[in-house]
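Structure data follow from coords.tsv (TSV, C-alpha atoms and all ligand atoms):
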chain	number	residue	atom	x	y	z
A	1	MET	CA	-3.08	14.31	20.27
A	2	LYS	CA	-1.38	12.03	17.78
A	3	TYR	CA	-1.74	12.47	14.04
A	4	ALA	CA	-0.70	9.92	11.42
A	5	ILE	CA	0.51	11.75	8.31
A	6	LEU	CA	0.03	9.60	5.20
A	7	GLY	CA	1.88	10.61	2.04
A	8	ASP	CA	1.86	9.23	-1.52
A	9	ILE	CA	-0.20	6.11	-0.88
A	10	HIS	CA	-0.47	5.48	-4.63
A	11	ALA	CA	-3.09	2.75	-4.53
A	12	ASN	CA	-0.82	0.34	-2.66
A	13	LEU	CA	-3.26	-1.54	-0.43
A	14	GLU	CA	-0.66	-3.87	1.10
A	15	ALA	CA	1.45	-0.92	2.29
A	16	LEU	CA	-1.54	1.12	3.46
A	17	THR	CA	-2.92	-1.78	5.49
A	18	VAL	CA	0.37	-2.20	7.37
A	19	VAL	CA	0.66	1.56	7.93
A	20	LEU	CA	-2.86	1.84	9.34
A	21	ALA	CA	-2.25	-1.12	11.67
A	22	LYS	CA	0.89	0.56	12.99
A	23	ALA	CA	-0.96	3.87	13.46
A	24	GLU	CA	-3.57	2.06	15.51
A	25	GLU	CA	-0.89	0.32	17.57
A	26	GLU	CA	0.67	3.75	18.25
A	27	ASN	CA	-2.73	5.03	19.47
A	28	VAL	CA	-3.05	7.65	16.74
A	29	ASP	CA	-6.15	9.82	17.23
A	30	LYS	CA	-6.55	11.30	13.77
A	31	TYR	CA	-5.23	11.13	10.23
A	32	VAL	CA	-3.94	13.52	7.59
A	33	CYS	CA	-3.39	12.78	3.90
A	34	ILE	CA	-0.74	14.55	1.81
A	35	GLY	CA	-2.15	13.46	-1.58
A	36	ASP	CA	-1.33	11.07	-4.43
A	37	ILE	CA	-3.76	8.53	-3.09
A	38	VAL	CA	-4.06	6.93	-6.54
A	39	GLY	CA	-1.67	6.23	-9.43
A	40	TYR	CA	1.09	3.68	-10.08
A	41	ASN	CA	-0.39	0.70	-8.19
A	42	SER	CA	-3.54	-1.34	-8.58
A	43	ASN	CA	-5.90	-0.70	-5.64
A	44	PRO	CA	-7.32	2.83	-5.95
A	45	HIS	CA	-10.86	1.81	-4.81
A	46	GLU	CA	-9.70	-0.07	-1.77
A	47	CYS	CA	-7.30	2.66	-0.64
A	48	LEU	CA	-9.90	5.40	-1.12
A	49	GLU	CA	-12.47	3.36	0.76
A	50	LEU	CA	-10.09	2.89	3.70
A	51	LEU	CA	-9.21	6.58	3.76
A	52	MET	CA	-12.82	7.71	3.67
A	53	GLN	CA	-13.51	5.66	6.81
A	54	LEU	CA	-10.71	7.25	8.84
A	55	PRO	CA	-11.09	10.24	11.16
A	56	LEU	CA	-9.37	12.53	8.61
A	57	VAL	CA	-8.75	16.11	9.71
A	58	GLY	CA	-7.26	17.18	6.41
A	59	ALA	CA	-6.31	15.96	2.96
A	60	VAL	CA	-4.80	17.67	-0.06
A	61	ARG	CA	-4.66	16.86	-3.74
A	62	GLY	CA	-1.64	15.27	-5.40
A	63	ASN	CA	-0.76	15.51	-9.08
A	64	HIS	CA	-1.82	11.89	-9.72
A	65	ASP	CA	-5.16	12.55	-8.01
A	66	GLU	CA	-5.71	15.60	-10.19
A	67	TYR	CA	-4.79	13.92	-13.48
A	68	ALA	CA	-6.83	10.81	-12.64
A	69	VAL	CA	-10.04	12.83	-12.37
A	70	ARG	CA	-9.45	15.41	-15.10
A	71	GLU	CA	-8.87	14.79	-18.81
A	72	LEU	CA	-5.59	16.69	-18.82
A	73	ASP	CA	-2.74	16.01	-21.20
A	74	LEU	CA	-0.27	13.48	-19.72
A	75	ALA	CA	2.80	14.70	-21.63
A	76	GLY	CA	4.53	15.74	-18.37
A	77	PHE	CA	4.52	12.16	-17.02
A	78	ASN	CA	6.87	9.33	-17.90
A	79	ALA	CA	5.35	6.45	-19.91
A	80	GLN	CA	4.69	4.14	-16.93
A	81	ALA	CA	3.13	6.88	-14.79
A	82	ALA	CA	0.93	7.99	-17.69
A	83	ALA	CA	-0.18	4.40	-18.35
A	84	ALA	CA	-1.16	4.03	-14.69
A	85	ILE	CA	-3.11	7.30	-14.71
A	86	GLN	CA	-5.01	6.21	-17.83
A	87	TRP	CA	-5.77	2.87	-16.17
A	88	THR	CA	-6.87	4.64	-12.96
A	89	ARG	CA	-9.23	6.93	-14.93
A	90	GLN	CA	-11.12	3.82	-16.02
A	91	GLN	CA	-11.35	2.43	-12.47
A	92	LEU	CA	-12.67	5.30	-10.36
A	93	ASN	CA	-16.39	5.64	-9.77
A	94	GLY	CA	-18.37	8.89	-9.59
A	95	LYS	CA	-18.22	9.19	-5.80
A	96	GLU	CA	-14.46	8.64	-5.75
A	97	CYS	CA	-13.89	11.20	-8.51
A	98	GLU	CA	-16.06	13.74	-6.69
A	99	TRP	CA	-14.15	13.18	-3.44
A	100	LEU	CA	-10.77	13.61	-5.17
A	101	ARG	CA	-11.93	16.68	-7.11
A	102	ALA	CA	-12.92	18.40	-3.87
A	103	LEU	CA	-9.42	18.17	-2.38
A	104	PRO	CA	-7.63	21.54	-2.02
A	105	TYR	CA	-4.06	22.17	-3.16
A	106	ARG	CA	-2.97	23.25	0.32
A	107	LEU	CA	-4.66	23.39	3.68
A	108	ASN	CA	-4.25	24.88	7.13
A	109	VAL	CA	-5.38	22.15	9.52
A	110	VAL	CA	-6.92	23.53	12.69
A	111	ASP	CA	-7.96	20.83	15.13
A	112	ASN	CA	-8.41	20.99	18.91
A	113	GLY	CA	-6.00	23.91	19.20
A	114	CYS	CA	-3.40	22.22	16.95
A	115	ARG	CA	-2.46	24.05	13.79
A	116	PHE	CA	-0.26	22.96	10.91
A	117	GLN	CA	-0.13	23.20	7.14
A	118	ILE	CA	-0.22	20.47	4.52
A	119	VAL	CA	0.59	20.50	0.81
A	120	HIS	CA	1.56	17.85	-1.73
A	121	GLY	CA	4.39	19.63	-3.55
A	122	THR	CA	5.33	23.22	-2.71
A	123	LEU	CA	3.66	25.98	-0.71
A	124	ASP	CA	4.66	28.74	-3.13
A	125	SER	CA	2.76	27.36	-6.14
A	126	PRO	CA	1.21	24.00	-5.27
A	127	GLU	CA	-0.80	23.83	-8.51
A	128	HIS	CA	2.41	23.62	-10.57
A	129	TRP	CA	3.62	20.43	-8.88
A	130	GLY	CA	7.19	21.54	-8.27
A	131	TYR	CA	9.47	19.44	-6.06
A	132	ILE	CA	11.32	20.33	-2.87
A	133	PHE	CA	14.62	18.51	-3.31
A	134	ASP	CA	16.98	20.77	-1.36
A	135	ARG	CA	17.31	23.70	1.04
A	136	TYR	CA	16.88	26.24	-1.76
A	137	ASN	CA	13.55	24.77	-2.83
A	138	ALA	CA	12.59	24.53	0.83
A	139	ALA	CA	13.46	28.19	1.47
A	140	ALA	CA	11.13	29.32	-1.34
A	141	SER	CA	8.30	27.23	0.08
A	142	MET	CA	8.90	28.25	3.69
A	143	GLN	CA	8.43	31.92	2.77
A	144	TYR	CA	4.78	30.98	2.35
A	145	GLN	CA	4.65	28.91	5.51
A	146	GLY	CA	2.60	30.86	8.04
A	147	LEU	CA	2.66	28.20	10.75
A	148	GLN	CA	5.52	26.53	12.59
A	149	LEU	CA	4.90	23.17	11.03
A	150	CYS	CA	4.14	21.97	7.50
A	151	PHE	CA	3.99	18.47	6.02
A	152	CYS	CA	4.53	17.72	2.34
A	153	GLY	CA	5.25	14.79	0.01
A	154	HIS	CA	5.63	14.39	-3.79
A	155	THR	CA	9.34	13.40	-3.96
A	156	HIS	CA	8.64	10.14	-2.06
A	157	CYS	CA	11.82	10.80	-0.03
A	158	PRO	CA	11.49	11.66	3.67
A	159	VAL	CA	13.45	14.71	4.81
A	160	CYS	CA	13.23	17.35	7.52
A	161	PHE	CA	13.95	21.01	6.74
A	162	ASP	CA	14.58	22.89	9.99
A	163	ARG	CA	14.75	26.70	9.73
A	164	HIS	CA	16.59	28.32	12.63
A	165	LEU	CA	15.96	31.76	14.09
A	166	ASN	CA	18.78	33.24	11.99
A	167	GLY	CA	17.06	32.04	8.80
A	168	SER	CA	19.49	29.22	7.99
A	169	ILE	CA	17.98	25.87	7.04
A	170	GLN	CA	19.35	22.46	7.99
A	171	ASP	CA	18.12	19.41	6.14
A	172	GLY	CA	18.46	15.67	6.50
A	173	GLY	CA	16.76	12.35	7.03
A	174	TYR	CA	15.06	11.81	10.37
A	175	GLU	CA	13.76	9.19	12.73
A	176	SER	CA	12.43	11.40	15.49
A	177	VAL	CA	12.61	15.19	15.69
A	178	LYS	CA	11.86	17.19	18.84
A	179	LEU	CA	10.24	20.45	17.75
A	180	MET	CA	11.96	23.56	19.13
A	181	THR	CA	10.12	26.81	19.76
A	182	ASN	CA	11.06	29.54	17.27
A	183	HIS	CA	12.17	27.00	14.66
A	184	LYS	CA	10.07	26.38	11.58
A	185	TYR	CA	9.78	22.87	10.17
A	186	LEU	CA	8.89	21.47	6.79
A	187	PHE	CA	8.68	17.68	6.84
A	188	ASN	CA	8.49	15.49	3.78
A	189	VAL	CA	6.78	12.41	5.21
A	190	GLY	CA	7.96	10.02	2.50
A	191	SER	CA	5.71	7.58	0.68
A	192	VAL	CA	3.40	4.84	1.90
A	193	GLY	CA	3.04	3.12	-1.46
A	194	GLN	CA	6.14	3.83	-3.56
A	195	PRO	CA	9.20	4.92	-1.53
A	196	ARG	CA	12.11	6.25	-3.61
A	197	ASP	CA	14.85	6.77	-1.05
A	198	GLY	CA	16.37	3.34	-1.56
A	199	ASP	CA	14.38	1.87	1.34
A	200	TRP	CA	11.48	-0.23	0.06
A	201	ARG	CA	9.56	-0.14	3.36
A	202	ALA	CA	6.38	1.93	3.67
A	203	ALA	CA	6.76	5.30	5.42
A	204	LEU	CA	4.50	6.55	8.20
A	205	ALA	CA	5.06	9.86	10.02
A	206	ILE	CA	3.40	10.50	13.37
A	207	TYR	CA	3.06	13.97	14.85
A	208	ASP	CA	2.66	13.80	18.64
A	209	THR	CA	1.52	17.22	19.86
A	210	LYS	CA	1.98	16.44	23.56
A	211	ALA	CA	5.59	15.28	23.16
A	212	ALA	CA	6.18	17.88	20.39
A	213	THR	CA	7.81	15.26	18.18
A	214	VAL	CA	7.56	14.06	14.60
A	215	THR	CA	8.58	10.42	14.24
A	216	LEU	CA	9.10	8.46	11.05
A	217	HIS	CA	8.36	4.73	10.99
A	218	ARG	CA	9.41	2.42	8.15
A	219	LEU	CA	7.35	-0.73	7.82
A	220	GLU	CA	7.79	-3.95	5.91
A	221	TYR	CA	4.80	-5.06	3.84
A	222	ASP	CA	3.91	-7.78	1.35
A	223	VAL	CA	5.61	-6.36	-1.75
A	224	ALA	CA	5.19	-9.60	-3.74
A	225	ALA	CA	1.40	-9.51	-3.33
A	226	CYS	CA	1.30	-5.90	-4.52
A	227	GLN	CA	3.54	-6.71	-7.50
A	228	GLU	CA	1.35	-9.64	-8.55
A	229	LYS	CA	-1.72	-7.43	-8.60
A	230	ILE	CA	0.05	-4.74	-10.61
A	231	LEU	CA	0.92	-7.27	-13.30
A	232	ALA	CA	-2.53	-8.91	-13.19
A	233	ALA	CA	-4.06	-5.47	-13.81
A	234	GLY	CA	-1.92	-5.08	-16.94
A	235	LEU	CA	0.08	-2.19	-15.50
A	236	PRO	CA	3.76	-1.81	-16.59
A	237	GLN	CA	6.27	-4.35	-15.24
A	238	ARG	CA	8.60	-1.54	-14.15
A	239	LEU	CA	5.98	-0.31	-11.64
A	240	ALA	CA	6.05	-3.72	-9.97
A	241	ASP	CA	9.84	-4.07	-10.09
A	242	ARG	CA	10.68	-0.70	-8.53
A	243	LEU	CA	8.75	-1.44	-5.33
A	244	ALA	CA	11.30	-4.07	-4.31
A	245	TYR	CA	14.12	-1.54	-4.44
A	246	GLY	CA	12.48	1.63	-3.15
A	247	VAL	CA	13.30	3.63	-6.26
B	1	FE	FE	3.53	10.72	-5.73

Can you dump the structure from the file as structure tokens?
Ligand SMILES: [Fe+2]
Amino acid sequence: MKYAILGDIHANLEALTVVLAKAEEENVDKYVCIGDIVGYNSNPHECLELLMQLPLVGAVRGNHDEYAVRELDLAGFNAQAAAAIQWTRQQLNGKECEWLRALPYRLNVVDNGCRFQIVHGTLDSPEHWGYIFDRYNAAASMQYQGLQLCFCGHTHCPVCFDRHLNGSIQDGGYESVKLMTNHKYLFNVGSVGQPRDGDWRAALAIYDTKAATVTLHRLEYDVAACQEKILAAGLPQRLADRLAYGV
């Protein structure tokens, strides 16, 4: 079984289209969504529509999803992010809001004998939207990780945290990781629609259960088209600019 793990799509249709084409080319069977489907970019409808058509075995809520469908105070967001959430609130229809509202904060995916966890931010308190930047943050989250494998997002930076039998955690970027028995793994799958690791290309992680591997693909997409639509929608210039740099 092959699962495509989609993180932080953020309404970027150009990036999502390329990612889904690659997943198909890789003969992915099913899909998982790590949240932040909307926010920042200009195609929330189109991205939600595409997602709803996929064979999704699990999806969790991101902070942008939550704030887009609830009238919560936006003081915790920077000015551009808040402007995009306010814009997104005016775009979403009733069905889309209902679908986003139903997403859980964390989920144990059980599918055809495969089991893994998914969460947007942290496993210890996902509703507070904390970030896992380093091994110390990862250790706190992994205490709540009941399964060997967990996928997360939120920082928009792909990283693998690998906890050994002796409890020590190694971390680093990854291209392909072979899963070892008795190790526990927490993978940040990076971002489809707004990467921030200095690489502007869209991220797609694929979990292959037969090979016991997690592989990260980085894919070029039409950034200029996405930028044009951001500006045409009246969203902040900075949201268009940052896509070209992956920041
Ligand atoms: Fe995000």

Nearby residues, ligand FE 1 (chain B), 10 Å, only C-alpha atoms and all ligand atoms, as a PyMOL selection string: chain A and resi 7-10+34-40+62-65+81+120-121+153-156+190-196

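Look at everything within 6 Å of (12.3, 24.4, 11.0) using only C-alpha atoms, and the residues you get are Phe161, Asp162, Arg163, His183, Lys184 and Tyr185 of chain A.
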
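Take the candidates A:Thr88, A:Asn188, A:Thr181, A:Ser125 and check each one against Glu66 (chain A) using all atoms listed in the file; the shortest distance goes to A:Thr88.
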
Asp134 (chain A) environment, 10 Å, all atoms listed in the file, sequence neighbours closer than 2 positions dropped, as a ChimeraX atom specification: /A:131-132,136-139,159,161,169-172

Val28 (chain A) environment, 10 Å, only C-alpha atoms, sequence neighbours closer than 6 positions dropped, as an mmCIF file with C-alpha atoms, keeping the file's coordinate frame:
data_model
loop_
_atom_site.group_PDB
_atom_site.id
_atom_site.type_symbol
_atom_site.label_atom_id
_atom_site.label_comp_id
_atom_site.auth_asym_id
_atom_site.auth_seq_id
_atom_site.Cartn_x
_atom_site.Cartn_y
_atom_site.Cartn_z
ATOM 1 C CA MET A 1 -3.080 14.310 20.270
ATOM 2 C CA LYS A 2 -1.380 12.030 17.780
ATOM 3 C CA TYR A 3 -1.740 12.470 14.040
ATOM 4 C CA ALA A 4 -0.700 9.920 11.420
ATOM 5 C CA LEU A 20 -2.860 1.840 9.340
ATOM 6 C CA LYS A 22 0.890 0.560 12.990
ATOM 7 C CA ILE A 206 3.400 10.500 13.370
ATOM 8 C CA TYR A 207 3.060 13.970 14.850
ATOM 9 C CA ASP A 208 2.660 13.800 18.640
#

Computed interatomic separation between CA of Pro158 (chain A) and CA of Tyr67 (chain A) (Å):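 Computed distance, CA of Pro158 (chain A) to CA of Tyr67 (chain A), equals 23.8 Å.
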